[in-house]
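**Q** Structure provided below as structure tokens; questions to follow.
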Protein chains: 6
Amino acid sequence: MSAASPAPGQRLVYFNGALVPENEARLSIYDSALMFGDVAFEMTRSFRKEQFRLRAHLERLLASIRWLQIPFEHTVEELEAICAQVVAANDPLFAADDEHRLMIDVTRGILGIYNGRVDVPGGTNLIVADFPLRWTVEGSAHLYTDGVDVVIPQQRMIPAALLEPKVKNRNRIHYLMANIQVSQYRGKDAWALLLDPDGFVTEGSGSNFLMVKDGVLLSPEPRNILRGITRDYILELAATLGIPTRETNLEPYDVQNADEAFFACTPFCLVPALRFHGQPIGRGEVGPVYRRLMQRWSEVVGVDIIGQIQGWARTTTHTAGGATPYSFAAPGTGR
Amino acid sequence: MSAASPAPGQRLVYFNGALVPENEARLSIYDSALMFGDVAFEMTRSFRKEQFRLRAHLERLLASIRWLQIPFEHTVEELEAICAQVVAANDPLFAADDEHRLMIDVTRGILGIYNGRVDVPGGTNLIVADFPLRWTVEGSAHLYTDGVDVVIPQQRMIPAALLEPKVKNRNRIHYLMANIQVSQYRGKDAWALLLDPDGFVTEGSGSNFLMVKDGVLLSPEPRNILRGITRDYILELAATLGIPTRETNLEPYDVQNADEAFFACTPFCLVPALRFHGQPIGRGEVGPVYRRLMQRWSEVVGVDIIGQIQGWARTTTHTAGGATPYSFAAPGTGR
Amino acid sequence: MSAASPAPGQRLVYFNGALVPENEARLSIYDSALMFGDVAFEMTRSFRKEQFRLRAHLERLLASIRWLQIPFEHTVEELEAICAQVVAANDPLFAADDEHRLMIDVTRGILGIYNGRVDVPGGTNLIVADFPLRWTVEGSAHLYTDGVDVVIPQQRMIPAALLEPKVKNRNRIHYLMANIQVSQYRGKDAWALLLDPDGFVTEGSGSNFLMVKDGVLLSPEPRNILRGITRDYILELAATLGIPTRETNLEPYDVQNADEAFFACTPFCLVPALRFHGQPIGRGEVGPVYRRLMQRWSEVVGVDIIGQIQGWARTTTHTAGGATPYSFAAPGTGR
Amino acid sequence: MSAASPAPGQRLVYFNGALVPENEARLSIYDSALMFGDVAFEMTRSFRKEQFRLRAHLERLLASIRWLQIPFEHTVEELEAICAQVVAANDPLFAADDEHRLMIDVTRGILGIYNGRVDVPGGTNLIVADFPLRWTVEGSAHLYTDGVDVVIPQQRMIPAALLEPKVKNRNRIHYLMANIQVSQYRGKDAWALLLDPDGFVTEGSGSNFLMVKDGVLLSPEPRNILRGITRDYILELAATLGIPTRETNLEPYDVQNADEAFFACTPFCLVPALRFHGQPIGRGEVGPVYRRLMQRWSEVVGVDIIGQIQGWARTTTHTAGGATPYSFAAPGTGR
Amino acid sequence: MSAASPAPGQRLVYFNGALVPENEARLSIYDSALMFGDVAFEMTRSFRKEQFRLRAHLERLLASIRWLQIPFEHTVEELEAICAQVVAANDPLFAADDEHRLMIDVTRGILGIYNGRVDVPGGTNLIVADFPLRWTVEGSAHLYTDGVDVVIPQQRMIPAALLEPKVKNRNRIHYLMANIQVSQYRGKDAWALLLDPDGFVTEGSGSNFLMVKDGVLLSPEPRNILRGITRDYILELAATLGIPTRETNLEPYDVQNADEAFFACTPFCLVPALRFHGQPIGRGEVGPVYRRLMQRWSEVVGVDIIGQIQGWARTTTHTAGGATPYSFAAPGTGR
Amino acid sequence: MSAASPAPGQRLVYFNGALVPENEARLSIYDSALMFGDVAFEMTRSFRKEQFRLRAHLERLLASIRWLQIPFEHTVEELEAICAQVVAANDPLFAADDEHRLMIDVTRGILGIYNGRVDVPGGTNLIVADFPLRWTVEGSAHLYTDGVDVVIPQQRMIPAALLEPKVKNRNRIHYLMANIQVSQYRGKDAWALLLDPDGFVTEGSGSNFLMVKDGVLLSPEPRNILRGITRDYILELAATLGIPTRETNLEPYDVQNADEAFFACTPFCLVPALRFHGQPIGRGEVGPVYRRLMQRWSEVVGVDIIGQIQGWARTTTHTAGGATPYSFAAPGTGR
């Protein structure tokens with residue numbers, strides 16, 4: 001990968017040791033990533049430009065790589081340094097109130113039969129990109145007040161025995177299909193909540209699900225879900241706030257009869273779910289447990305989390321234009 | 001995508017209307033292909049430089065695109081013309097005895113949140129690449145005589161209700177995991193045969209499975225498998241040869257007690273499976289039904305199919321070098 | 001049950017030997033029918049006032065009664081006579097072009113603990129009601145030309161091992177839940193098609209599903225479905241027309257890629273399904289197999305089946321008024 | 001529904017605003033209740049004529065109605081008032097030592113196609129009936145000393161993903177089939193205990209199951225069961241008595257090796273299960289945990305619960321007469 | 001194993017090359033047979049002292065041995081010779097009208113840790129015993145006229161993916177548990193019919209199930225069943241008699257509504273099933289298809305099959321005495 | 001069973017009341033044990049010649065017998081006395097540093113049809129054998145330092161609903177098949193870890209699995225596993241050491257990411273698992289929790305557990321010789 005000098009103002013991406021212009025951060029069609037969805041990845045965010053729980057992300061990345069048995073040499077410490085390098089290189093292009101969203105991809109590289117035959121370097125690819133968090137969230141800032149509508153699509157979660165969701169990888173067409181189905185739902189601001197084949201609640205198509213009942217913060221057993229770093233943090237926060245938590249089997253009936261419900265994901269932190277197939281959850285309003293969690297989190301990181309995102313929303317001029325359908329609908333996008 | 005003039009001798013790839021050098025046939029890391037494995041694709045082969053059942057491949061591609069609801073305008077006829085254009089452009093670089101292996105990828109393009117923000121064109125991508133078939137097959141030519149060893153990994157096939165295998169897409173880590181597991185098997189020339197969660201035989205990690213018992217050519221019900229074009233052709237060929245065929249539930253016991261067994265895939269056509277977990281299937285030799293099928297097929301296309309591949313194997317100098325592990329092991333690769 | 005003299009023009013219902021006014025055809029809240037959904041039933045239709053395949057309906061009713069082990073003495077012949085009696089009694093109230101829709105219910109009667117304590121006769125109830133077929137169909141006559149949109153709800157069919165659908169009974173809340181879910185679908189004229197827990201196509205919420213692919217009329221294996229009398233007749237008709245038929249596992253992919261599809265049910269006979277989640281099935285038009293089947297059926301019974309229903313639709317003045325939601329949506333209603 | 005003056009001594013039933021004689025509390029054969037088993041319901045009991053946990057029953061009723069999406073306006077408070085009205089109207093007909101058993105049914109009313117055509121009012125029906133508890137229990141008073149024999153029928157519980165048992169409705173033929181199967185068991189006083197398809201213990205056909213092992217009161221996870229109000233109360237009682245409780249997966253092996261076991265249901269409160277397929281559970285005698293729970297409960301409500309029922313049994317003259325088979329066998333009947 | 005001279009009149013058993021007295025045909029408690037149920041076996045019968053389809057039995061035995069990977073050297077021909085030797089040695093002890101029932105066991109021998117340490121020879125054991133068929137059948141001769149009552153126990157068949165029933169081995173406690181459960185059924189002459197976990201009919205606890213509907217002889221798909229040699233022969237016989245046959249998914253509903261049903265097993269050939277949970281199947285009488293099959297089979301082998309067994313029954317003096325419960329109840333015992 | 005005087009130095013086995021020479025401890029081929037794997041059993045060990053938790057073994061044995069409904073009269077106390085008798089009789093033949101491994105088998109005896117016909121006593125068999133523990137363990141002493149490699153075979157555990165693993169019986173071919181599959185794994189010292197059909201970790205083929213994560217000792221829910229006495233003891237030990245424990249659903253991902261893992265079984269107590277499919281678990285070394293558990297256990301029983309076994313290994317001269325394959329591979333063998 002040659003490191004051509006980028007157009008002025010173009011972000012830089014770490015690509016196997018070099019910093020390349022963002023539009024050069026591309027993968028060969030012969031890469032295992034494109035042949036098998038064979039990518040271990042992470043996506044992060046910062047608060048006040050400081051990465052949040054970066055180490056937890058990187059350790060999960062290494063666990064994913066080990067599961068997929070992708071040859072890989074870097075240590076957590078080296079990865080941290082690379083991330084810092086990428087942020088430093090791009091920060092000048094970011095607004096003062098921007099946050100850094102990193103995307104870290106590890107692919108196995110081009111398949112063996114192409115090796116030495118096509119003019120593409122072989123071996124594992126490590127890629128770290130960086131873009132403003134506001135891109136991901138500004139279009140959905142109203143959800144903090146309006147809440148999302150939880151909708152169960154007919155697409156079921158692929159259980160871990162067949163495709164391990166705890167290994168964060170790019171085999172995610174089932175999430176996309178869930179989004180497509182939910183896009184046909186009559187209501188607005190609907191997010192998919194996938195059931196596993198046994199009918200238990202798992203997760204959203206890009207977020208974890210949690211709910212409150214009788215004062216207890218409930219989440220699905222960490223089984224047929226990605227064990228989200230946001231989710232883990234919420235459970236820790238709750239403990240510090242004296243809110244009891246429990247992991248258990250949840251079903252649609254439980255969601256319909258919850259006192260509060262929310263989706264946890266890296267870019268949004270926590271999004272209130274105020275409706276279930278159009279019917280109000282609890283009183284249909286943002287609830288006290290949600291407020292306490294978000295307030296404390298904001299205090300810890302020194303950012304008015306919701307306010308910051310709503311601020312971006314007020315000032316955005318972006319329209320998706322000719323963008324692909326359904327890819328918009330990947331709600332939450334990442335844990 | 002700029003169409004830079006390629007290095008001399010570099011193959012050309014159709015990329016959204018242009019022919020670009022092969023090493024420029026790359027996809028942005030923000031493409032839905034890399035975010036979700038969101039690619040409909042086909043891989044073909046020629047006989048005597050003529051594409052085999054190209055229309056069937058293209059119709060299946062359109063069905064996959066429709067399932068995934070990727071916006072797409074091209075007709076089958078247009079796709080045929082594009083394929084012809086690609087072959088014509090590359091043929092001068094091919095040896096006289098080479099065959100053309102086309103890879104046709106359709107991706108949804110970059111996600112909506114990146115649209116207009118990163119310097120990458122939005123919208124659906126159509127890519128058609130072309131490379132010598134010998135790359136895929138020459139390392140395995142000995143299998144025509146030695147046969148493969150059928151090994152059942154613990155990874156199960158993801159059933160169609162959760163991830164539709166009849167839609168040819170790049171969510172295939174379960175195939176890769178099966179290959180990794182089989183790579184730990186003590187014997188040699190082992191190919192994975194995946195069972196579905198009910199324990200029925202489905203397919204290889206890049207091929208369909210067929211077997212002969214008491215004179216009948218048996219194949220799994222076309223359910224939790226890709227409905228391979230090679231498989232379909234074999235069933236047709238058998239009919240013309242007066243060999244009765246039946247689709248039915250097959251189990252490992254049936255494989256162990258088969259008279260003959262084989263894997264069907266586009267590049268190899270038909271590979272004999274002569275062992276099951278190291279024990280001989282039937283007499284452990286290439287059987288009469290296999291011979292009849294391959295002989296007739298060779299006659300129809302005017303190529304000594306096996307001889308051609310064995311010829312390539314004798315003259316190859318390729319070594320995979322630093323290539324990624326397990327990606328070699330994607331046996332058959334494509335139907 | 002006292003047989004009060006009915007209001008003038010009120011239909012009569014056979015109720016345990018007596019003919020009672022329709023509004024007196026009621027069941028005690030202590031009846032097993034209301035405690036357990038414990039009712040074996042059938043619904044029929046006539047052509048030119050002649051009941052169609054009444055004997056098949058009655059034999060299936062007896063099989064249902066035997067399964068549920070409801071004490072019952074009547075023979076098929078006696079039931080035929082009762083049906084004839086009901087039709088004769090009501091026909092004067094019917095228009096000349098009306099058809100008779102019979103509803104035959106058999107309930108176990110009040111539970112033992114109420115017997116002799118509440119002023120309600122004990123023992124099995126046999127009820128035969130009769131009303132104009134036009135009620136059921138006139139609101140949906142446009143479907144013969146517009147076709148229905150096949151939508152898969154997340155509610156799955158209860159498999160026969162848990163609740164036998166071949167036994168026609170009133171445990172049908174899963175059909176109702178499917179209808180409620182489909183009512184939230186964005187498109188119009190949507191009918192639910194239920195999958196079983198394995199993901200195979202079963203039936204609509206009040207109809208059987210059939211489809212055509214490559215000239216063969218396909219229907220699900222008669223397993224997790226009611227074995228509809230209309231469905232059976234269609235398969236017979238096809239045979240007489242030289243259309244090959246096959247019962248097999250069908251999946252959503254097959255429906256999406258069908259050449260034609262339709263729902264079979266007693267009141268409508270056959271309704272064309274022209275869309276699958278909004279996308280056209282085949283060419284999105286009523287197809288040739290559908291036309292041949294309906295034409296032949298019309299000839300056999302001497303009624304222009306579609307024309308008759310469209311005629312009713314043109315002249316109706318009925319509006320559902322304060323009627324219950326979703327119960328409208330029981331598409332097809334009965335086989 | 002006309003409110004005819006009842007026969008002297010006939011109980012009155014609340015029916016959509018009016019009090020009607022019990023034998024007029026009937027539903028049209030065209031009611032959704034009879035077409036789909038489409039009824040949300042509750043059954044209660046009193047202690048010393050005071051309703052027990054009526055509010056919990058009514059809140060569960062509202063949750064069931066919301067699940068089924070039956071249009072319904074009444075608040076919990078209004079429902080409480082209606083119940084009080086019904087009890088007051090009927091109490092003069094009850095013996096001094098009788099308890100009031102209420103049955104509250106909510107149905108969606110007649111289907112839309114019948115609306116305005118048959119002489120039956122449309123819209124949701126709310127029905128509250130009231131009869132002496134002794135009817136339900138007096139025939140089984142001996143079970144307090146003899147205990148029941150737990151028998152596992154081959155009918156499995158329908159899992160919540162397919163039919164939500166936490167929504168109390170009238171789709172219950174699977175309970176009836178279980179009772180029919182158990183009626184063929186050679187032993188006496190057998191009650192069905194249903195397993196779910198995974199083989200875990202769920203509940204009886206009209207009661208919840210609990211057991212004691214090593215001093216801990218165990219109950220199935222509240223998943224594939226109705227979350228019985230009696231069950232909830234028992235778990236609360238145990239806590240106040242210092243008996244540890246746990247919800248967990250239970251299997252037949254656990255039942256066979258339990259120290260104590262019992263069924264919880266509204267009319268009986270708690271029935272000891274002393275045998276498992278004819279073999280003694282524990283010592284085959286009523287155990288200490290059972291005694292403590294029942295004693296405390298009796299103290300709380302000021303009624304010798306068992307003694308009262310045994311008293312009724314000694315004085316009853318009721319025989320089921322021509323009542324329907326198997327409906328007797330609905331053991332427990334209600335939580 | 002020492003070959004002590006047998007008591008006069010004692011049958012001889014082939015045991016690893018020697019003929020030993022029957023009471024010496026024993027296996028060490030350290031044998032893999034007793035540690036794992038690790039035995040491949042077959043049981044046969046003769047007609048007029050000639051073994052029936054012995055070769056089919058022996059080939060299935062070899063397939064079982066191969067599946068279990070027991071070291072084994074003998075060919076089919078050698079096994080045939082051994083069987084002949086055993087029959088010849090024992091025939092003098094048999095009555096003139098006796099038939100020879102052979103039991104052929106192959107075990108892996110004592111586990112490795114005991115080898116050379118306990119005074120028991122190591123290595124594979126081959127055992128062939130021979131006893132009069134009448135022992136097995138004479139107690140059940142009345143079933144040819146009375147028929148058996150088909151009862152479905154709650155024990156389900158272990159599916160082939162977990163324990164391959166096509167491999168005839170001694171892991172059969174699930175059959176025993178089924179028999180124990182059926183022994184608690186109220187009726188008489190009940191035989192268990194096991195369902196698989198999906199609810200499909202598989203087989204009896206020692207026999208295959210077949211049924212007739214509308215003139216077609218139906219049997220379960222040869223999947224979760226032992227592929228019985230009797231069953232295979234019946235299907236062949238039917239073909240020669242012009243009776244159409246089909247392998248398909250069968251459910252309890254199908255059994256209840258069958259025209260005829262029967263169990264196929266080696267010792268009895270074919271036993272009519274005339275009741276299903278006490279209710280008549282068809283007319284509740286031995287049917288025409290049954291009669292034709294048994295008549296033809298009797299002609300082919302030159303034995304009045306039923307008459308011979310009924311003759312034995314009339315003259316037997318055997319009583320089971322202190323024999324173990326439930327082991328009687330292994331109905332059919334062997335295919 | 002005659003009690004012949006044993007060869008000098010031959011161990012004695014309790015066999016239905018008598019002590020017989022070990023090579024006479026054999027079961028008739030007609031025993032239900034050999035026909036159905038119909039054996040309840042236990043295997044124990046001593047520390048310093050004292051049986052460990054013998055009563056727990058015997059109580060579990062009685063539970064197994066009750067499940068299988070084998071007629072049996074002995075009390076726990078009688079069984080204890082018999083075990084003591086066997087140990088006393090054999091101890092003179094044991095080395096001073098030997099430990100006693102008892103094997104207790106209970107079989108139903110010969111089937112009823114053989115009773116009184118073959119010269120073998122009928123009725124339940126109780127057998128207690130005794131041999132040096134070193135036989136079982138000495139060949140694997142290196143595992144205490146090298147650790148085992150956890151490998152997941154494709155054979156799945158039979159779930160308890162189909163074959164109850166908590167009932168210790170001889171239906172164990174699925175364990176053997178797992179061992180055969182693992183014997184084809186390329187690495188060394190591999191032990192099978194079976195998943196249930198849902199993909200959850202169950203147990204080894206002769207041992208229980210436990211692991212440590214973040215300081216908590218985790219074990220599978222006691223569901224689809226034998227509830228091992230060693231496992232129970234480890235959980236108790238951990239409690240006394242202040243190590244928190246939890247029973248939960250475990251998956252391969254959890255095993256791969258464990259801090260420590262081990263197998264618990266009677267003869268070895270606890271074997272460290274240091275690799276998962278060849279990759280290190282944690283640091284790939286024996287961990288601190290393991291050390292603490294084994295040290296405390298050694299203190300409690302006054303034996304250096306590991307040292308004793310390693311001592312035996314240094315002095316053994318045994319070679320398995322002609323022993324059967326795979327039976328060696330039954331790792332752990334017993335809990």
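Identifiers for the structure tokens are assigned positionally: chains receive A, B, ... in sequence, residues are indexed from 1 per chain, and ligands are indexed from 1 in the order shown.
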Taking only C-alpha atoms into account, which residues of chain B are within 6 Å of chain A, as a ChimeraX atom specification?

**A** /B:23,25-29,35-37,111-113,115,119,123,135,158,162,170-173,320,323-324,327-328

**Q** Apply DSSP to the structure's backbone, then extract all residues of range 108-261 of chain F labelled helix (DSSP H, G or I) and return them as JSON, numbers by chain.

**A** {"F": [112, 113, 114, 133, 134, 135, 136, 137, 138, 139, 140, 143, 144, 145, 146, 173, 174, 175, 176, 177, 178, 179, 180, 181, 182, 229, 230, 231, 232, 233, 234, 235, 236, 237, 238, 239, 240, 252, 253, 254, 255, 256]}

**Q** Would you mind exporting the chosen residues as a short mmCIF file (atom, residue, chain, number, x, y, z; two decimals), in the first residue's frame, restricted to N, CA and C atoms?

**A**
data_model
loop_
_atom_site.label_atom_id
_atom_site.label_comp_id
_atom_site.auth_asym_id
_atom_site.auth_seq_id
_atom_site.Cartn_x
_atom_site.Cartn_y
_atom_site.Cartn_z
N GLY F 112 -36.62 -62.07 30.77
CA GLY F 112 -37.64 -63.03 31.16
C GLY F 112 -37.76 -64.24 30.25
N ILE F 113 -37.57 -64.07 28.97
CA ILE F 113 -37.79 -65.22 28.08
C ILE F 113 -36.72 -66.30 28.28
N TYR F 114 -35.60 -65.94 28.88
CA TYR F 114 -34.55 -66.95 29.10
C TYR F 114 -34.67 -67.59 30.47
N LEU F 133 -6.05 -48.63 41.99
CA LEU F 133 -6.29 -47.37 41.30
C LEU F 133 -5.18 -47.06 40.30
N ARG F 134 -3.99 -47.49 40.60
CA ARG F 134 -2.86 -47.13 39.73
C ARG F 134 -3.08 -47.59 38.29
N TRP F 135 -3.80 -48.69 38.12
CA TRP F 135 -4.06 -49.12 36.74
C TRP F 135 -4.67 -48.00 35.91
N THR F 136 -5.58 -47.32 36.51
CA THR F 136 -6.32 -46.31 35.76
C THR F 136 -5.48 -45.07 35.47
N VAL F 137 -4.63 -44.73 36.37
CA VAL F 137 -4.02 -43.40 36.31
C VAL F 137 -2.56 -43.37 35.87
N GLU F 138 -1.85 -44.47 36.06
CA GLU F 138 -0.40 -44.36 35.92
C GLU F 138 0.04 -43.97 34.51
N GLY F 139 -0.74 -44.34 33.52
CA GLY F 139 -0.34 -43.99 32.15
C GLY F 139 -0.54 -42.51 31.82
N SER F 140 -1.19 -41.79 32.69
CA SER F 140 -1.52 -40.39 32.39
C SER F 140 -0.96 -39.41 33.41
N LEU F 143 0.03 -35.77 32.75
CA LEU F 143 -0.96 -34.72 32.49
C LEU F 143 -1.01 -33.70 33.61
N TYR F 144 -0.56 -34.08 34.79
CA TYR F 144 -0.56 -33.10 35.88
C TYR F 144 0.37 -31.93 35.58
N THR F 145 1.37 -32.20 34.80
CA THR F 145 2.27 -31.08 34.43
C THR F 145 2.05 -30.61 32.99
N ASP F 146 1.84 -31.55 32.08
CA ASP F 146 1.66 -31.15 30.68
C ASP F 146 0.27 -30.61 30.40
N ILE F 173 -22.12 -45.18 24.42
CA ILE F 173 -21.41 -45.25 23.13
C ILE F 173 -21.12 -43.86 22.60
N HIS F 174 -21.93 -42.91 22.98
CA HIS F 174 -21.65 -41.54 22.51
C HIS F 174 -20.33 -41.03 23.10
N TYR F 175 -19.99 -41.45 24.30
CA TYR F 175 -18.67 -41.07 24.84
C TYR F 175 -17.56 -41.74 24.01
N LEU F 176 -17.81 -42.99 23.68
CA LEU F 176 -16.81 -43.74 22.91
C LEU F 176 -16.63 -43.11 21.52
N MET F 177 -17.73 -42.74 20.91
CA MET F 177 -17.63 -42.11 19.59
C MET F 177 -16.88 -40.79 19.69
N ALA F 178 -17.12 -40.05 20.76
CA ALA F 178 -16.38 -38.81 20.97
C ALA F 178 -14.89 -39.10 21.07
N ASN F 179 -14.55 -40.15 21.79
CA ASN F 179 -13.14 -40.51 21.93
C ASN F 179 -12.52 -40.92 20.61
N ILE F 180 -13.28 -41.67 19.83
CA ILE F 180 -12.78 -42.08 18.52
C ILE F 180 -12.51 -40.84 17.66
N GLN F 181 -13.42 -39.91 17.69
CA GLN F 181 -13.23 -38.70 16.88
C GLN F 181 -12.00 -37.92 17.36
N VAL F 182 -11.86 -37.80 18.66
CA VAL F 182 -10.73 -37.04 19.18
C VAL F 182 -9.41 -37.77 18.91
N ILE F 229 -19.37 -36.64 41.77
CA ILE F 229 -19.08 -36.47 43.20
C ILE F 229 -17.79 -35.68 43.37
N THR F 230 -16.85 -35.87 42.47
CA THR F 230 -15.64 -35.06 42.49
C THR F 230 -15.97 -33.60 42.25
N ARG F 231 -16.81 -33.37 41.25
CA ARG F 231 -17.26 -32.00 40.95
C ARG F 231 -17.92 -31.37 42.16
N ASP F 232 -18.81 -32.09 42.79
CA ASP F 232 -19.47 -31.54 43.97
C ASP F 232 -18.43 -31.20 45.05
N TYR F 233 -17.47 -32.07 45.20
CA TYR F 233 -16.47 -31.85 46.24
C TYR F 233 -15.62 -30.63 45.92
N ILE F 234 -15.27 -30.48 44.67
CA ILE F 234 -14.47 -29.31 44.26
C ILE F 234 -15.23 -28.03 44.57
N LEU F 235 -16.51 -28.03 44.28
CA LEU F 235 -17.30 -26.83 44.55
C LEU F 235 -17.35 -26.54 46.06
N GLU F 236 -17.43 -27.60 46.85
CA GLU F 236 -17.39 -27.42 48.31
C GLU F 236 -16.03 -26.90 48.75
N LEU F 237 -14.98 -27.54 48.25
CA LEU F 237 -13.62 -27.11 48.59
C LEU F 237 -13.42 -25.64 48.28
N ALA F 238 -13.87 -25.26 47.09
CA ALA F 238 -13.71 -23.86 46.69
C ALA F 238 -14.38 -22.95 47.70
N ALA F 239 -15.57 -23.32 48.12
CA ALA F 239 -16.28 -22.49 49.09
C ALA F 239 -15.45 -22.34 50.36
N THR F 240 -14.87 -23.43 50.82
CA THR F 240 -14.09 -23.33 52.05
C THR F 240 -12.84 -22.48 51.84
N PRO F 252 -17.90 -22.82 23.98
CA PRO F 252 -16.49 -22.92 23.58
C PRO F 252 -15.73 -21.59 23.70
N TYR F 253 -16.39 -20.51 23.37
CA TYR F 253 -15.74 -19.20 23.50
C TYR F 253 -15.27 -18.96 24.93
N ASP F 254 -16.09 -19.35 25.88
CA ASP F 254 -15.70 -19.18 27.28
C ASP F 254 -14.50 -20.04 27.62
N VAL F 255 -14.48 -21.25 27.09
CA VAL F 255 -13.35 -22.13 27.37
C VAL F 255 -12.08 -21.53 26.78
N GLN F 256 -12.19 -21.07 25.55
CA GLN F 256 -10.99 -20.51 24.91
C GLN F 256 -10.47 -19.30 25.69
#

**Q** If you run DSSP on the backbone, which residues of range 125-190 of chain F are strand (DSSP E), as a PyMOL selection string?

**A** chain F and resi 125-132+148-151+190

**Q** Take CA of His142 in chain D and CA of Thr317 in chain D and report the distance between them in Å, one decimal.

**A**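 Pair CA of His142 in chain D / CA of Thr317 in chain D returns 15.6 Å.
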